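Student: Coordinates in protein_0.csv, CSV, C-alpha atoms, are listed below.
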```csv
chain,number,residue,atom,x,y,z
V,1,MET,CA,131.9,-39.9,-27.0
V,2,SER,CA,132.3,-43.5,-28.2
V,3,ARG,CA,134.6,-42.4,-31.0
V,4,ARG,CA,136.9,-40.6,-28.5
V,5,SER,CA,137.2,-43.7,-26.3
V,6,HIS,CA,137.9,-45.7,-29.4
V,7,ARG,CA,140.8,-43.5,-30.3
V,8,ILE,CA,142.2,-43.8,-26.8
V,9,ASP,CA,142.0,-47.6,-27.0
V,10,ASP,CA,143.8,-47.5,-30.3
V,11,CYS,CA,146.6,-45.4,-28.8
V,12,HIS,CA,147.0,-47.9,-25.9
V,13,ALA,CA,147.1,-50.8,-28.4
V,14,VAL,CA,149.8,-49.1,-30.4
V,15,ALA,CA,151.8,-48.3,-27.2
V,16,ASP,CA,151.6,-51.9,-25.9
V,17,ASP,CA,152.7,-53.3,-29.2
V,18,LEU,CA,155.6,-50.9,-29.4
V,19,GLU,CA,156.7,-51.6,-25.9
V,20,GLY,CA,156.7,-55.3,-26.7
V,21,LYS,CA,158.9,-54.8,-29.6
V,22,VAL,CA,161.3,-52.4,-27.9
V,23,ARG,CA,161.7,-54.2,-24.6
V,24,VAL,CA,163.1,-57.5,-25.8
V,25,ARG,CA,165.3,-59.3,-23.3
V,26,PRO,CA,168.8,-59.5,-24.7
V,27,SER,CA,171.0,-62.6,-24.8
V,28,PRO,CA,174.0,-62.7,-22.4
V,29,GLU,CA,176.3,-62.6,-25.4
V,30,GLN,CA,174.7,-59.3,-26.7
V,31,VAL,CA,175.1,-57.7,-23.3
V,32,ALA,CA,178.7,-58.8,-23.0
V,33,ARG,CA,179.6,-57.6,-26.5
V,34,LEU,CA,178.0,-54.1,-26.0
V,35,TRP,CA,179.5,-53.8,-22.5
V,36,ASP,CA,183.0,-54.6,-23.9
V,37,SER,CA,182.8,-52.6,-27.1
V,38,HIS,CA,181.6,-49.4,-25.4
V,39,HIS,CA,183.9,-49.7,-22.3
V,40,GLY,CA,181.4,-49.8,-19.5
V,41,TRP,CA,177.9,-50.3,-18.2
V,42,GLU,CA,176.5,-46.9,-19.3
V,43,ALA,CA,175.8,-48.0,-22.8
V,44,VAL,CA,174.2,-51.2,-21.6
V,45,MET,CA,172.1,-49.4,-19.1
V,46,GLU,CA,171.0,-46.9,-21.8
V,47,ARG,CA,170.0,-49.8,-24.1
V,48,TRP,CA,168.4,-52.1,-21.5
V,49,GLY,CA,167.8,-49.9,-18.5
V,50,TRP,CA,164.5,-51.5,-17.6
V,51,ILE,CA,166.3,-54.7,-16.7
V,52,GLY,CA,168.4,-53.4,-13.8
V,53,ARG,CA,172.2,-53.0,-13.4
V,54,TRP,CA,172.8,-56.1,-11.3
V,55,SER,CA,171.0,-58.3,-13.8
V,56,LEU,CA,172.9,-56.7,-16.7
V,57,GLU,CA,176.2,-57.2,-14.9
V,58,HIS,CA,175.4,-60.8,-14.3
V,59,MET,CA,174.3,-61.3,-17.9
V,60,ALA,CA,177.6,-59.7,-19.1
V,61,VAL,CA,179.7,-62.1,-17.0
V,62,GLN,CA,177.6,-65.0,-18.2
V,63,GLY,CA,177.9,-63.8,-21.8
V,64,ARG,CA,181.7,-63.6,-21.6
V,65,ARG,CA,181.9,-67.1,-20.3
V,66,LEU,CA,179.7,-68.4,-23.2
V,67,ILE,CA,181.7,-66.5,-25.8
V,68,ARG,CA,185.0,-67.9,-24.4
V,69,ALA,CA,183.6,-71.4,-24.2
V,70,ARG,CA,182.4,-71.3,-27.8
V,71,ALA,CA,185.8,-70.0,-28.9
V,72,GLY,CA,187.5,-72.8,-27.1
V,73,ASP,CA,189.4,-70.4,-24.8
V,74,THR,CA,190.1,-72.0,-21.5
V,75,THR,CA,193.1,-69.8,-20.6
V,76,ALA,CA,191.1,-67.1,-18.8
V,77,ARG,CA,191.4,-68.2,-15.2
V,78,SER,CA,190.8,-66.6,-11.8
V,79,THR,CA,193.8,-65.7,-9.7
V,80,ARG,CA,192.3,-67.5,-6.7
V,81,ARG,CA,191.9,-70.7,-8.6
V,82,ALA,CA,192.8,-73.8,-6.6
V,83,THR,CA,192.9,-76.3,-9.5
V,84,THR,CA,195.3,-76.7,-12.4
V,85,PRO,CA,194.1,-77.0,-16.0
V,86,GLU,CA,195.0,-80.7,-15.9
V,87,GLN,CA,192.9,-81.2,-12.8
V,88,ASP,CA,190.0,-79.3,-14.5
V,89,ALA,CA,190.3,-81.5,-17.6
V,90,ALA,CA,190.4,-84.7,-15.5
V,91,ALA,CA,187.4,-83.5,-13.5
V,92,TYR,CA,185.4,-82.7,-16.7
V,93,GLU,CA,186.0,-86.2,-18.1
V,94,ALA,CA,184.9,-87.7,-14.7
V,95,ILE,CA,181.8,-85.6,-14.8
V,96,GLN,CA,180.9,-86.8,-18.3
V,97,ARG,CA,181.5,-90.5,-17.2
V,98,MET,CA,180.0,-90.5,-13.7
V,99,GLY,CA,177.7,-87.5,-13.3
V,100,VAL,CA,178.2,-84.5,-11.0
V,101,CYS,CA,178.0,-86.0,-7.5
V,102,ARG,CA,180.1,-89.1,-8.1
V,103,ALA,CA,182.7,-87.1,-10.0
V,104,ALA,CA,182.9,-84.7,-7.0
V,105,GLU,CA,183.5,-87.7,-4.7
V,106,ALA,CA,186.1,-89.3,-7.1
V,107,THR,CA,188.1,-86.1,-7.7
V,108,GLY,CA,187.8,-84.6,-4.2
V,109,LEU,CA,186.5,-81.3,-5.6
V,110,SER,CA,183.5,-79.6,-4.2
V,111,ILE,CA,180.2,-79.4,-6.0
V,112,ALA,CA,180.6,-75.7,-6.5
V,113,VAL,CA,183.9,-76.2,-8.3
V,114,ILE,CA,182.3,-78.9,-10.4
V,115,TYR,CA,179.5,-76.6,-11.5
V,116,ARG,CA,182.0,-73.8,-12.2
V,117,LEU,CA,183.9,-76.1,-14.5
V,118,LEU,CA,180.6,-76.9,-16.4
V,119,ARG,CA,179.7,-73.2,-16.6
V,120,GLU,CA,183.1,-72.3,-18.0
V,121,ARG,CA,182.8,-74.9,-20.7
V,122,GLY,CA,179.4,-73.6,-21.7
V,123,VAL,CA,177.4,-76.6,-20.4
V,124,GLU,CA,174.0,-75.3,-19.2
V,125,GLN,CA,172.5,-78.5,-18.1
V,126,SER,CA,174.2,-81.0,-15.8
V,127,PRO,CA,175.1,-84.3,-17.4
V,128,VAL,CA,172.8,-87.1,-16.2
V,129,LEU,CA,173.7,-90.8,-16.0
V,130,PRO,CA,171.7,-93.3,-18.0
V,131,ALA,CA,168.7,-94.7,-16.0
V,132,GLY,CA,170.3,-98.2,-15.6
V,133,GLU,CA,173.5,-96.7,-14.2
V,134,ARG,CA,171.5,-94.4,-11.8
V,135,ALA,CA,169.5,-97.4,-10.6
V,136,ARG,CA,172.7,-99.4,-10.0
V,137,ALA,CA,174.3,-96.6,-8.1
V,138,THR,CA,171.2,-96.2,-6.0
V,139,ARG,CA,171.1,-99.9,-5.1
V,140,GLU,CA,174.8,-99.8,-4.2
V,141,GLY,CA,174.3,-96.7,-2.0
V,142,MET,CA,171.4,-98.3,-0.2
V,143,ALA,CA,173.4,-101.5,0.4
V,144,ARG,CA,176.2,-99.5,1.9
V,145,ALA,CA,173.8,-97.6,4.1
V,146,ARG,CA,172.2,-100.9,5.3
V,147,ALA,CA,175.7,-102.3,6.0
V,148,ALA,CA,176.7,-99.2,8.0
V,149,ARG,CA,173.5,-99.4,10.1
V,150,ALA,CA,174.0,-103.1,10.7
V,151,ALA,CA,177.6,-102.5,11.8
V,152,ALA,CA,176.6,-99.7,14.2
```
Could the structure of this file be written out as structure tokens, please?
Tutor:
Amino acid sequence: MSRRSHRIDDCHAVADDLEGKVRVRPSPEQVARLWDSHHGWEAVMERWGWIGRWSLEHMAVQGRRLIRARAGDTTARSTRRATTPEQDAAAYEAIQRMGVCRAAEATGLSIAVIYRLLRERGVEQSPVLPAGERARATREGMARARAARAAA
């Protein structure tokens, strides 16, 4: 009896090891390339069906953005786009200089548009101001808030 349970345990160990090797989460670029090369979601669902269609669609969109950003292609733009390429370039420079929130204030663009610009250019982490610059901006903001309270 002990040998039989030993064999069952071996089978489970092999199955777990195999599943770990087969069910590897793909990168967004892999999903986008397979989706585009095989003209649709069926091939992607067949390969990575355990992930779910919505997640795979999202990964494909994200992968296409990353592929375009690495290739330097900024011509793919939405038809509902409210900004011009020149405004996008100016906003991106402002983001690099001032950070996300201050760039949004300076350019008049919403935070959502600012983050979209960063995603399209392949930036996955928001630029952060140096600590001294952040401290200065905080002091200035607090001084403006005190002045506004005093004036009211």
Student: For stretch 63-67 of chain V, find every residue with an atom within 6 Å (counting only C-alpha atoms), except residues of its own chain fewer than 6 positions away, and show them as a list of chain:residue names.
Tutor: V:Pro28, V:Glu29, V:Ala32, V:Glu120, V:Gly122
Student: Set out as JSON lines a contact list for stretch 11-116 of chain V and stretch 134-140 of chain V with a cut-off of 10 Å, giving each residue of stretch 11-116 of chain V that qualifies its closest atom pair and distance in Å to one decimal, counting all atoms listed in the file, ordered by chain and rising residue number.
Tutor:
```
{"residue": "V:Met98", "atom": "CA", "partner": "V:Arg134", "partner_atom": "CA", "distance": 9.5}
{"residue": "V:Gly99", "atom": "CA", "partner": "V:Arg134", "partner_atom": "CA", "distance": 9.4}
{"residue": "V:Arg102", "atom": "CA", "partner": "V:Ala137", "partner_atom": "CA", "distance": 9.5}
```
Student: Please determine, counting all atoms listed in the file, which residue among V:Tyr92, V:Trp41, V:Trp50, V:Trp35 has the shortest atom-to-atom distance to V:Val113.
Tutor: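 Using all atoms listed in the file, V:Val113 sits closest to V:Tyr92.
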Student: Which residue gives the smallest distance to V:Arg81 among V:Met45, V:Met142, V:Ala148, V:Leu117, with only C-alpha atoms counted?
Tutor: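 Among the listed residues, the smallest separation from V:Arg81 belongs to V:Leu117.
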Student: Any idea what's packed within 12 Å of V:Pro127, counting only C-alpha atoms, ignoring anything in its chain fewer than 3 positions away? Could you give it as a list in words?
Tutor: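 Surrounding residues, per the criterion: Tyr92, Glu93, Ala94, Ile95, Gln96, Arg97, Met98, Gly99, Val100, Cys101, Arg102, Ala103, Ile114, Tyr115, Leu118, Val123, Glu124 and Pro130 of chain V.
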Student: What separation in Å, quoted to one decimal, exists between atom CA of V:Ile51 and atom CA of V:Lys21?
Tutor: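 Going from atom CA of V:Ile51 over to atom CA of V:Lys21, I get 14.9 Å.
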Student: Could stretch 125-136 of chain V be completed with all heavy atoms and written as an mmCIF file, in the frame of the given file, please?
Tutor:
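And here is the file that came out, result_13.cif:
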```cif
data_model
loop_
_atom_site.group_PDB
_atom_site.id
_atom_site.type_symbol
_atom_site.label_atom_id
_atom_site.label_comp_id
_atom_site.auth_asym_id
_atom_site.auth_seq_id
_atom_site.Cartn_x
_atom_site.Cartn_y
_atom_site.Cartn_z
ATOM 1 N N GLN V 125 173.209 -77.524 -18.816
ATOM 2 C CA GLN V 125 172.500 -78.500 -18.100
ATOM 3 C C GLN V 125 173.450 -79.591 -17.600
ATOM 4 O O GLN V 125 174.352 -80.003 -18.332
ATOM 5 C CB GLN V 125 171.424 -79.198 -18.965
ATOM 6 C CG GLN V 125 170.268 -78.287 -19.299
ATOM 7 C CD GLN V 125 169.195 -79.039 -20.072
ATOM 8 O OE1 GLN V 125 169.415 -80.141 -20.539
ATOM 9 N NE2 GLN V 125 168.042 -78.425 -20.196
ATOM 10 N N SER V 126 173.270 -80.030 -16.361
ATOM 11 C CA SER V 126 174.200 -81.000 -15.800
ATOM 12 C C SER V 126 174.051 -82.337 -16.527
ATOM 13 O O SER V 126 172.953 -82.770 -16.863
ATOM 14 C CB SER V 126 173.839 -81.251 -14.318
ATOM 15 O OG SER V 126 174.027 -80.078 -13.592
ATOM 16 N N PRO V 127 175.186 -82.998 -16.766
ATOM 17 C CA PRO V 127 175.100 -84.300 -17.400
ATOM 18 C C PRO V 127 174.417 -85.302 -16.450
ATOM 19 O O PRO V 127 174.602 -85.268 -15.243
ATOM 20 C CB PRO V 127 176.601 -84.710 -17.551
ATOM 21 C CG PRO V 127 177.370 -83.460 -17.356
ATOM 22 C CD PRO V 127 176.539 -82.541 -16.557
ATOM 23 N N VAL V 128 173.598 -86.161 -17.006
ATOM 24 C CA VAL V 128 172.800 -87.100 -16.200
ATOM 25 C C VAL V 128 173.240 -88.519 -16.667
ATOM 26 O O VAL V 128 173.398 -88.794 -17.860
ATOM 27 C CB VAL V 128 171.320 -86.913 -16.451
ATOM 28 C CG1 VAL V 128 170.511 -87.920 -15.674
ATOM 29 C CG2 VAL V 128 170.923 -85.507 -16.060
ATOM 30 N N LEU V 129 173.418 -89.392 -15.678
ATOM 31 C CA LEU V 129 173.700 -90.800 -16.000
ATOM 32 C C LEU V 129 172.536 -91.471 -16.617
ATOM 33 O O LEU V 129 171.391 -91.101 -16.343
ATOM 34 C CB LEU V 129 174.113 -91.525 -14.704
ATOM 35 C CG LEU V 129 175.399 -91.095 -14.011
ATOM 36 C CD1 LEU V 129 175.554 -91.849 -12.709
ATOM 37 C CD2 LEU V 129 176.590 -91.348 -14.904
ATOM 38 N N PRO V 130 172.782 -92.493 -17.424
ATOM 39 C CA PRO V 130 171.700 -93.300 -18.000
ATOM 40 C C PRO V 130 170.865 -93.911 -16.816
ATOM 41 O O PRO V 130 171.387 -94.138 -15.720
ATOM 42 C CB PRO V 130 172.338 -94.338 -18.822
ATOM 43 C CG PRO V 130 173.698 -93.798 -19.109
ATOM 44 C CD PRO V 130 174.060 -92.920 -17.965
ATOM 45 N N ALA V 131 169.604 -94.212 -17.072
ATOM 46 C CA ALA V 131 168.700 -94.700 -16.000
ATOM 47 C C ALA V 131 169.235 -95.987 -15.369
ATOM 48 O O ALA V 131 169.181 -96.134 -14.141
ATOM 49 C CB ALA V 131 167.320 -94.953 -16.607
ATOM 50 N N GLY V 132 169.764 -96.917 -16.149
ATOM 51 C CA GLY V 132 170.300 -98.200 -15.600
ATOM 52 C C GLY V 132 171.465 -97.914 -14.650
ATOM 53 O O GLY V 132 171.573 -98.522 -13.577
ATOM 54 N N GLU V 133 172.342 -97.006 -15.039
ATOM 55 C CA GLU V 133 173.500 -96.700 -14.200
ATOM 56 C C GLU V 133 173.067 -95.987 -12.915
ATOM 57 O O GLU V 133 173.601 -96.253 -11.841
ATOM 58 C CB GLU V 133 174.440 -95.753 -15.007
ATOM 59 C CG GLU V 133 175.731 -95.428 -14.324
ATOM 60 C CD GLU V 133 176.657 -96.624 -14.191
ATOM 61 O OE1 GLU V 133 176.525 -97.586 -14.971
ATOM 62 O OE2 GLU V 133 177.506 -96.590 -13.291
ATOM 63 N N ARG V 134 172.061 -95.093 -13.015
ATOM 64 C CA ARG V 134 171.500 -94.400 -11.800
ATOM 65 C C ARG V 134 170.927 -95.436 -10.860
ATOM 66 O O ARG V 134 171.118 -95.378 -9.646
ATOM 67 C CB ARG V 134 170.507 -93.372 -12.185
ATOM 68 C CG ARG V 134 171.095 -92.082 -12.656
ATOM 69 C CD ARG V 134 170.066 -90.965 -12.653
ATOM 70 N NE ARG V 134 168.754 -91.315 -13.155
ATOM 71 C CZ ARG V 134 168.329 -91.084 -14.388
ATOM 72 N NH1 ARG V 134 169.111 -90.492 -15.255
ATOM 73 N NH2 ARG V 134 167.120 -91.437 -14.759
ATOM 74 N N ALA V 135 170.175 -96.395 -11.404
ATOM 75 C CA ALA V 135 169.500 -97.400 -10.600
ATOM 76 C C ALA V 135 170.575 -98.271 -9.873
ATOM 77 O O ALA V 135 170.446 -98.573 -8.676
ATOM 78 C CB ALA V 135 168.604 -98.278 -11.422
ATOM 79 N N ARG V 136 171.632 -98.643 -10.596
ATOM 80 C CA ARG V 136 172.700 -99.400 -10.000
ATOM 81 C C ARG V 136 173.393 -98.678 -8.878
ATOM 82 O O ARG V 136 173.641 -99.206 -7.797
ATOM 83 C CB ARG V 136 173.727 -99.848 -11.053
ATOM 84 C CG ARG V 136 174.801 -100.796 -10.535
ATOM 85 C CD ARG V 136 175.854 -101.111 -11.591
ATOM 86 N NE ARG V 136 176.569 -99.930 -12.044
ATOM 87 C CZ ARG V 136 177.520 -99.287 -11.324
ATOM 88 N NH1 ARG V 136 177.820 -99.696 -10.126
ATOM 89 N NH2 ARG V 136 178.129 -98.239 -11.824
#
```
